[in-house]
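Following: one structure in structure tokens, then a few remarks.
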Amino acid sequence: MSLLTKADALARSQAVSVTWADVSIDLRSGATDALDYPVTSLFTCEVRGGDMMIDVAGTVEAVTVDGAAVPFTTDDHHVYLTGVPRGTRQIGVSARCRYSTNGQGLHRYVDPEDGRVYCYTHFEPMDAHTAWPCFDQPDIKPRWRFSVIAPAHWEVRNNQPAVETETVSEGVVLTRFAPTPPLSAYLSAIIAGDFAVVPCQPWTGTLAGEDQSV
């Protein structure tokens, strides 16, 4: 089964414009042996057609339109809505998505030597929807805002800098990140885990490795 045909992508671009994608993801399970995690994406959209397909490879638990629960159907890679009112809408999709172990999607690696956990995303060409609900086609470019719950000792990074942290419970922190510029879904990113941080200066060299700043 094709995940997204050219015809589907064209029809969706004509039916909806997405200006914001707010993703709230809880990665506390990454510190355990759990296989999945809860995530909610809230889209601010201009809806021009009554039916809608949102990409997600996970167990969809709820869908809302302007805060009200609505019926939906799913397959392995999409959730489908019908009769969405035209106009500016907020559409939320809550799901449980799975960590991957193949380097695609949200990959989770456990170091066999010390048990430390490392999670990171890799989405080309169409794996963002395995990590969180999204419109997983390059010409739909919302601005993204990420909120990530994770163990307090983890390093958590996003496309943009963190702007706020909040203690959720003992040893657990919520980090909110600044909004991105308009980005295709495959360029949205998270890393989280027992990473070491090495301070450095911005690279000023070329692809050949030569510093041209002097």
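To be explicit about the labels: the chains of the structure tokens are called A, B, and onward in the order shown, and within each one the residues are counted from 1, while ligands get numbers from 1 in the order they are shown.
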Query raised in the report: Could you name the residues that touch Pro179 (chain A) at 7 Å or less, counting only C-alpha atoms, but leaving out those on the same chain fewer than 4 positions away, as a PyMOL selection string?
Result: chain A and resi 143-145+160
**Report entry** Shell of 9 Å around region 93-101 of chain A, only C-alpha atoms, local chain residues under 3 positions omitted, as a VMD selection string
**Finding:** chain A and resid 30 34 to 43 54 56 to 64 79 104 to 109 119 129 to 134
Can you write out the residues you just picked, keeping C-alpha atoms, as a compact mmCIF listing (two decimals), in the first residue's frame?
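Dumped to again-v2.txt:
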# COMPACT_ATOMS: atom_id res chain seq x y z
CA GLY A 30 11.98 5.96 26.83
CA ALA A 34 8.19 0.48 27.02
CA LEU A 35 7.72 0.29 23.25
CA ASP A 36 5.48 3.31 22.76
CA TYR A 37 4.72 6.82 24.04
CA PRO A 38 1.78 9.26 24.04
CA VAL A 39 1.81 12.24 21.70
CA THR A 40 -0.72 14.88 20.65
CA SER A 41 -0.52 17.15 17.62
CA LEU A 42 -2.74 20.22 17.44
CA PHE A 43 -3.00 21.81 14.01
CA ILE A 54 -3.87 13.21 8.60
CA VAL A 56 -0.07 8.90 11.69
CA ALA A 57 1.35 5.41 12.17
CA GLY A 58 0.20 4.59 15.68
CA THR A 59 -2.86 3.90 17.76
CA VAL A 60 -5.14 6.93 17.47
CA GLU A 61 -6.93 7.52 20.76
CA ALA A 62 -8.88 10.73 20.09
CA VAL A 63 -9.49 13.38 17.45
CA THR A 64 -10.94 16.83 18.13
CA VAL A 79 -6.59 8.96 10.28
CA GLN A 104 14.05 5.79 10.96
CA GLY A 105 11.22 7.61 12.74
CA LEU A 106 11.93 8.20 16.44
CA HIS A 107 14.79 5.79 16.97
CA ARG A 108 15.57 4.57 20.50
CA TYR A 109 18.94 3.00 21.23
CA CYS A 119 16.57 8.81 21.13
CA HIS A 129 4.14 10.43 10.87
CA THR A 130 5.59 7.38 12.62
CA ALA A 131 6.75 9.69 15.44
CA TRP A 132 3.79 12.09 15.71
CA PRO A 133 0.61 12.90 13.79
CA CYS A 134 1.35 15.32 10.95
Query raised in the report: Which residues, written as a list in words, have at least one atom at most 12 Å from Glu170 (chain A), with only C-alpha atoms counted and residues fewer than 5 positions away on the same chain left out?
Result: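 Selected residues are Ala150, Pro151, Ala152 and His153 of chain A.
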If you run DSSP on the backbone, which residues of region 2-203 of chain A are alpha helix (DSSP H), as a PDB file with all heavy atoms, in the first residue's frame?
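Saved file selection_33.pdb follows:
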ATOM      1  N   LYS A   6       0.690  10.713  -5.181  1.00  0.00           N
ATOM      2  CA  LYS A   6       0.801  12.076  -5.685  1.00  0.00           C
ATOM      3  C   LYS A   6      -0.567  12.737  -5.743  1.00  0.00           C
ATOM      4  O   LYS A   6      -0.721  13.916  -5.395  1.00  0.00           O
ATOM      5  CB  LYS A   6       1.452  12.067  -7.062  1.00  0.00           C
ATOM      6  CG  LYS A   6       1.650  13.455  -7.660  1.00  0.00           C
ATOM      7  CD  LYS A   6       2.343  13.357  -9.010  1.00  0.00           C
ATOM      8  CE  LYS A   6       2.532  14.743  -9.624  1.00  0.00           C
ATOM      9  NZ  LYS A   6       3.226  14.658 -10.945  1.00  0.00           N
ATOM     10  N   ALA A   7      -1.580  11.976  -6.157  1.00  0.00           N
ATOM     11  CA  ALA A   7      -2.941  12.519  -6.236  1.00  0.00           C
ATOM     12  C   ALA A   7      -3.464  12.894  -4.854  1.00  0.00           C
ATOM     13  O   ALA A   7      -4.109  13.936  -4.680  1.00  0.00           O
ATOM     14  CB  ALA A   7      -3.869  11.511  -6.905  1.00  0.00           C
ATOM     15  N   ASP A   8      -3.194  12.050  -3.854  1.00  0.00           N
ATOM     16  CA  ASP A   8      -3.631  12.348  -2.487  1.00  0.00           C
ATOM     17  C   ASP A   8      -2.959  13.622  -1.968  1.00  0.00           C
ATOM     18  O   ASP A   8      -3.591  14.465  -1.334  1.00  0.00           O
ATOM     19  CB  ASP A   8      -3.286  11.185  -1.551  1.00  0.00           C
ATOM     20  CG  ASP A   8      -4.185   9.981  -1.743  1.00  0.00           C
ATOM     21  OD1 ASP A   8      -5.287  10.150  -2.298  1.00  0.00           O
ATOM     22  OD2 ASP A   8      -3.771   8.876  -1.338  1.00  0.00           O
ATOM     23  N   ALA A   9      -1.655  13.752  -2.219  1.00  0.00           N
ATOM     24  CA  ALA A   9      -0.927  14.925  -1.750  1.00  0.00           C
ATOM     25  C   ALA A   9      -1.444  16.198  -2.403  1.00  0.00           C
ATOM     26  O   ALA A   9      -1.618  17.228  -1.740  1.00  0.00           O
ATOM     27  CB  ALA A   9       0.565  14.755  -2.027  1.00  0.00           C
ATOM     28  N   LEU A  10      -1.710  16.138  -3.711  1.00  0.00           N
ATOM     29  CA  LEU A  10      -2.220  17.305  -4.417  1.00  0.00           C
ATOM     30  C   LEU A  10      -3.604  17.684  -3.896  1.00  0.00           C
ATOM     31  O   LEU A  10      -3.886  18.864  -3.636  1.00  0.00           O
ATOM     32  CB  LEU A  10      -2.273  17.033  -5.913  1.00  0.00           C
ATOM     33  CG  LEU A  10      -2.827  18.162  -6.785  1.00  0.00           C
ATOM     34  CD1 LEU A  10      -1.985  19.411  -6.637  1.00  0.00           C
ATOM     35  CD2 LEU A  10      -2.878  17.712  -8.246  1.00  0.00           C
ATOM     36  N   ALA A  11      -4.462  16.698  -3.715  1.00  0.00           N
ATOM     37  CA  ALA A  11      -5.809  16.972  -3.221  1.00  0.00           C
ATOM     38  C   ALA A  11      -5.773  17.566  -1.823  1.00  0.00           C
ATOM     39  O   ALA A  11      -6.524  18.493  -1.503  1.00  0.00           O
ATOM     40  CB  ALA A  11      -6.635  15.686  -3.231  1.00  0.00           C
ATOM     41  N   ARG A  12      -4.881  17.080  -0.984  1.00  0.00           N
ATOM     42  CA  ARG A  12      -4.808  17.593   0.381  1.00  0.00           C
ATOM     43  C   ARG A  12      -4.280  19.025   0.407  1.00  0.00           C
ATOM     44  O   ARG A  12      -4.758  19.854   1.182  1.00  0.00           O
ATOM     45  CB  ARG A  12      -3.944  16.680   1.248  1.00  0.00           C
ATOM     46  CG  ARG A  12      -3.903  17.098   2.693  1.00  0.00           C
ATOM     47  CD  ARG A  12      -3.509  15.971   3.616  1.00  0.00           C
ATOM     48  NE  ARG A  12      -2.147  15.508   3.375  1.00  0.00           N
ATOM     49  CZ  ARG A  12      -1.563  14.555   4.120  1.00  0.00           C
ATOM     50  NH1 ARG A  12      -2.242  13.986   5.110  1.00  0.00           N
ATOM     51  NH2 ARG A  12      -0.331  14.158   3.861  1.00  0.00           N
ATOM     52  N   SER A  13      -3.317  19.332  -0.438  1.00  0.00           N
ATOM     53  CA  SER A  13      -2.808  20.701  -0.507  1.00  0.00           C
ATOM     54  C   SER A  13      -3.896  21.683  -0.926  1.00  0.00           C
ATOM     55  O   SER A  13      -3.899  22.842  -0.489  1.00  0.00           O
ATOM     56  CB  SER A  13      -1.640  20.780  -1.499  1.00  0.00           C
ATOM     57  OG  SER A  13      -0.513  20.112  -0.996  1.00  0.00           O
ATOM     58  N   GLN A  14      -4.802  21.225  -1.751  1.00  0.00           N
ATOM     59  CA  GLN A  14      -5.893  22.079  -2.206  1.00  0.00           C
ATOM     60  C   GLN A  14      -7.001  22.187  -1.159  1.00  0.00           C
ATOM     61  O   GLN A  14      -7.743  23.170  -1.143  1.00  0.00           O
ATOM     62  CB  GLN A  14      -6.459  21.547  -3.518  1.00  0.00           C
ATOM     63  CG  GLN A  14      -5.475  21.614  -4.680  1.00  0.00           C
ATOM     64  CD  GLN A  14      -5.964  20.899  -5.921  1.00  0.00           C
ATOM     65  OE1 GLN A  14      -6.888  20.085  -5.875  1.00  0.00           O
ATOM     66  NE2 GLN A  14      -5.345  21.201  -7.058  1.00  0.00           N
ATOM     67  N   ALA A  15      -7.090  21.196  -0.272  1.00  0.00           N
ATOM     68  CA  ALA A  15      -8.190  21.154   0.693  1.00  0.00           C
ATOM     69  C   ALA A  15      -7.862  21.815   2.019  1.00  0.00           C
ATOM     70  O   ALA A  15      -8.775  22.201   2.764  1.00  0.00           O
ATOM     71  CB  ALA A  15      -8.612  19.702   0.946  1.00  0.00           C
TER      72      ALA A  15
END
**Report entry** Gap from CA of Val65 (chain A) to CA of Asn159 (chain A) - Å, one decimal
**Finding:**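 These atoms are spaced 27.3 Å apart.
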Requested in this report: Assign secondary structure with DSSP using the backbone only, and return the residues of region 93-205 of chain A in strand (DSSP E) as number ranges by chain.
Outcome: A: 93-98, 105-110, 117-122, 143-151, 155-158, 162-169, 172-177, 190-193
Write out, as an mmCIF file, in the first residue's frame, the residues just selected, with C-alpha atoms.
data_model
loop_
_atom_site.group_PDB
_atom_site.id
_atom_site.type_symbol
_atom_site.label_atom_id
_atom_site.label_comp_id
_atom_site.auth_asym_id
_atom_site.auth_seq_id
_atom_site.Cartn_x
_atom_site.Cartn_y
_atom_site.Cartn_z
ATOM 1 C CA VAL A 93 -4.936 14.080 17.096
ATOM 2 C CA SER A 94 -3.865 12.114 20.176
ATOM 3 C CA ALA A 95 -2.078 8.816 19.593
ATOM 4 C CA ARG A 96 0.373 6.313 20.944
ATOM 5 C CA CYS A 97 3.335 5.987 18.593
ATOM 6 C CA ARG A 98 6.181 3.484 18.745
ATOM 7 C CA GLY A 105 11.221 7.606 12.740
ATOM 8 C CA LEU A 106 11.930 8.204 16.436
ATOM 9 C CA HIS A 107 14.792 5.790 16.971
ATOM 10 C CA ARG A 108 15.566 4.570 20.504
ATOM 11 C CA TYR A 109 18.940 3.002 21.226
ATOM 12 C CA VAL A 110 20.082 1.462 24.496
ATOM 13 C CA VAL A 117 19.298 5.611 26.333
ATOM 14 C CA TYR A 118 19.580 7.722 23.199
ATOM 15 C CA CYS A 119 16.568 8.810 21.132
ATOM 16 C CA TYR A 120 16.682 10.771 17.906
ATOM 17 C CA THR A 121 14.556 11.383 14.828
ATOM 18 C CA HIS A 122 15.316 10.692 11.179
ATOM 19 C CA ARG A 143 5.427 26.466 11.982
ATOM 20 C CA TRP A 144 6.139 23.912 14.719
ATOM 21 C CA ARG A 145 6.062 24.278 18.500
ATOM 22 C CA PHE A 146 7.270 21.334 20.543
ATOM 23 C CA SER A 147 6.702 20.494 24.200
ATOM 24 C CA VAL A 148 8.629 17.474 25.454
ATOM 25 C CA ILE A 149 8.279 15.645 28.772
ATOM 26 C CA ALA A 150 11.390 13.631 29.599
ATOM 27 C CA PRO A 151 13.565 12.497 32.512
ATOM 28 C CA GLU A 155 19.431 16.296 27.251
ATOM 29 C CA VAL A 156 16.484 17.322 25.050
ATOM 30 C CA ARG A 157 16.937 19.279 21.826
ATOM 31 C CA ASN A 158 14.687 20.498 19.024
ATOM 32 C CA ALA A 162 14.245 25.842 24.623
ATOM 33 C CA VAL A 163 12.299 28.794 26.019
ATOM 34 C CA GLU A 164 10.828 27.341 29.217
ATOM 35 C CA THR A 165 11.224 24.366 31.526
ATOM 36 C CA GLU A 166 8.802 23.150 34.175
ATOM 37 C CA THR A 167 9.075 20.380 36.748
ATOM 38 C CA VAL A 168 6.312 17.836 36.163
ATOM 39 C CA SER A 169 7.197 15.517 39.029
ATOM 40 C CA VAL A 172 10.691 14.676 35.244
ATOM 41 C CA VAL A 173 10.831 17.952 33.306
ATOM 42 C CA LEU A 174 8.657 19.540 30.616
ATOM 43 C CA THR A 175 10.631 21.576 28.063
ATOM 44 C CA ARG A 176 8.933 24.007 25.696
ATOM 45 C CA PHE A 177 10.756 25.112 22.577
ATOM 46 C CA ILE A 190 13.871 15.860 18.456
ATOM 47 C CA ILE A 191 16.835 14.309 20.211
ATOM 48 C CA ALA A 192 16.474 13.186 23.814
ATOM 49 C CA GLY A 193 18.531 10.997 26.076
#
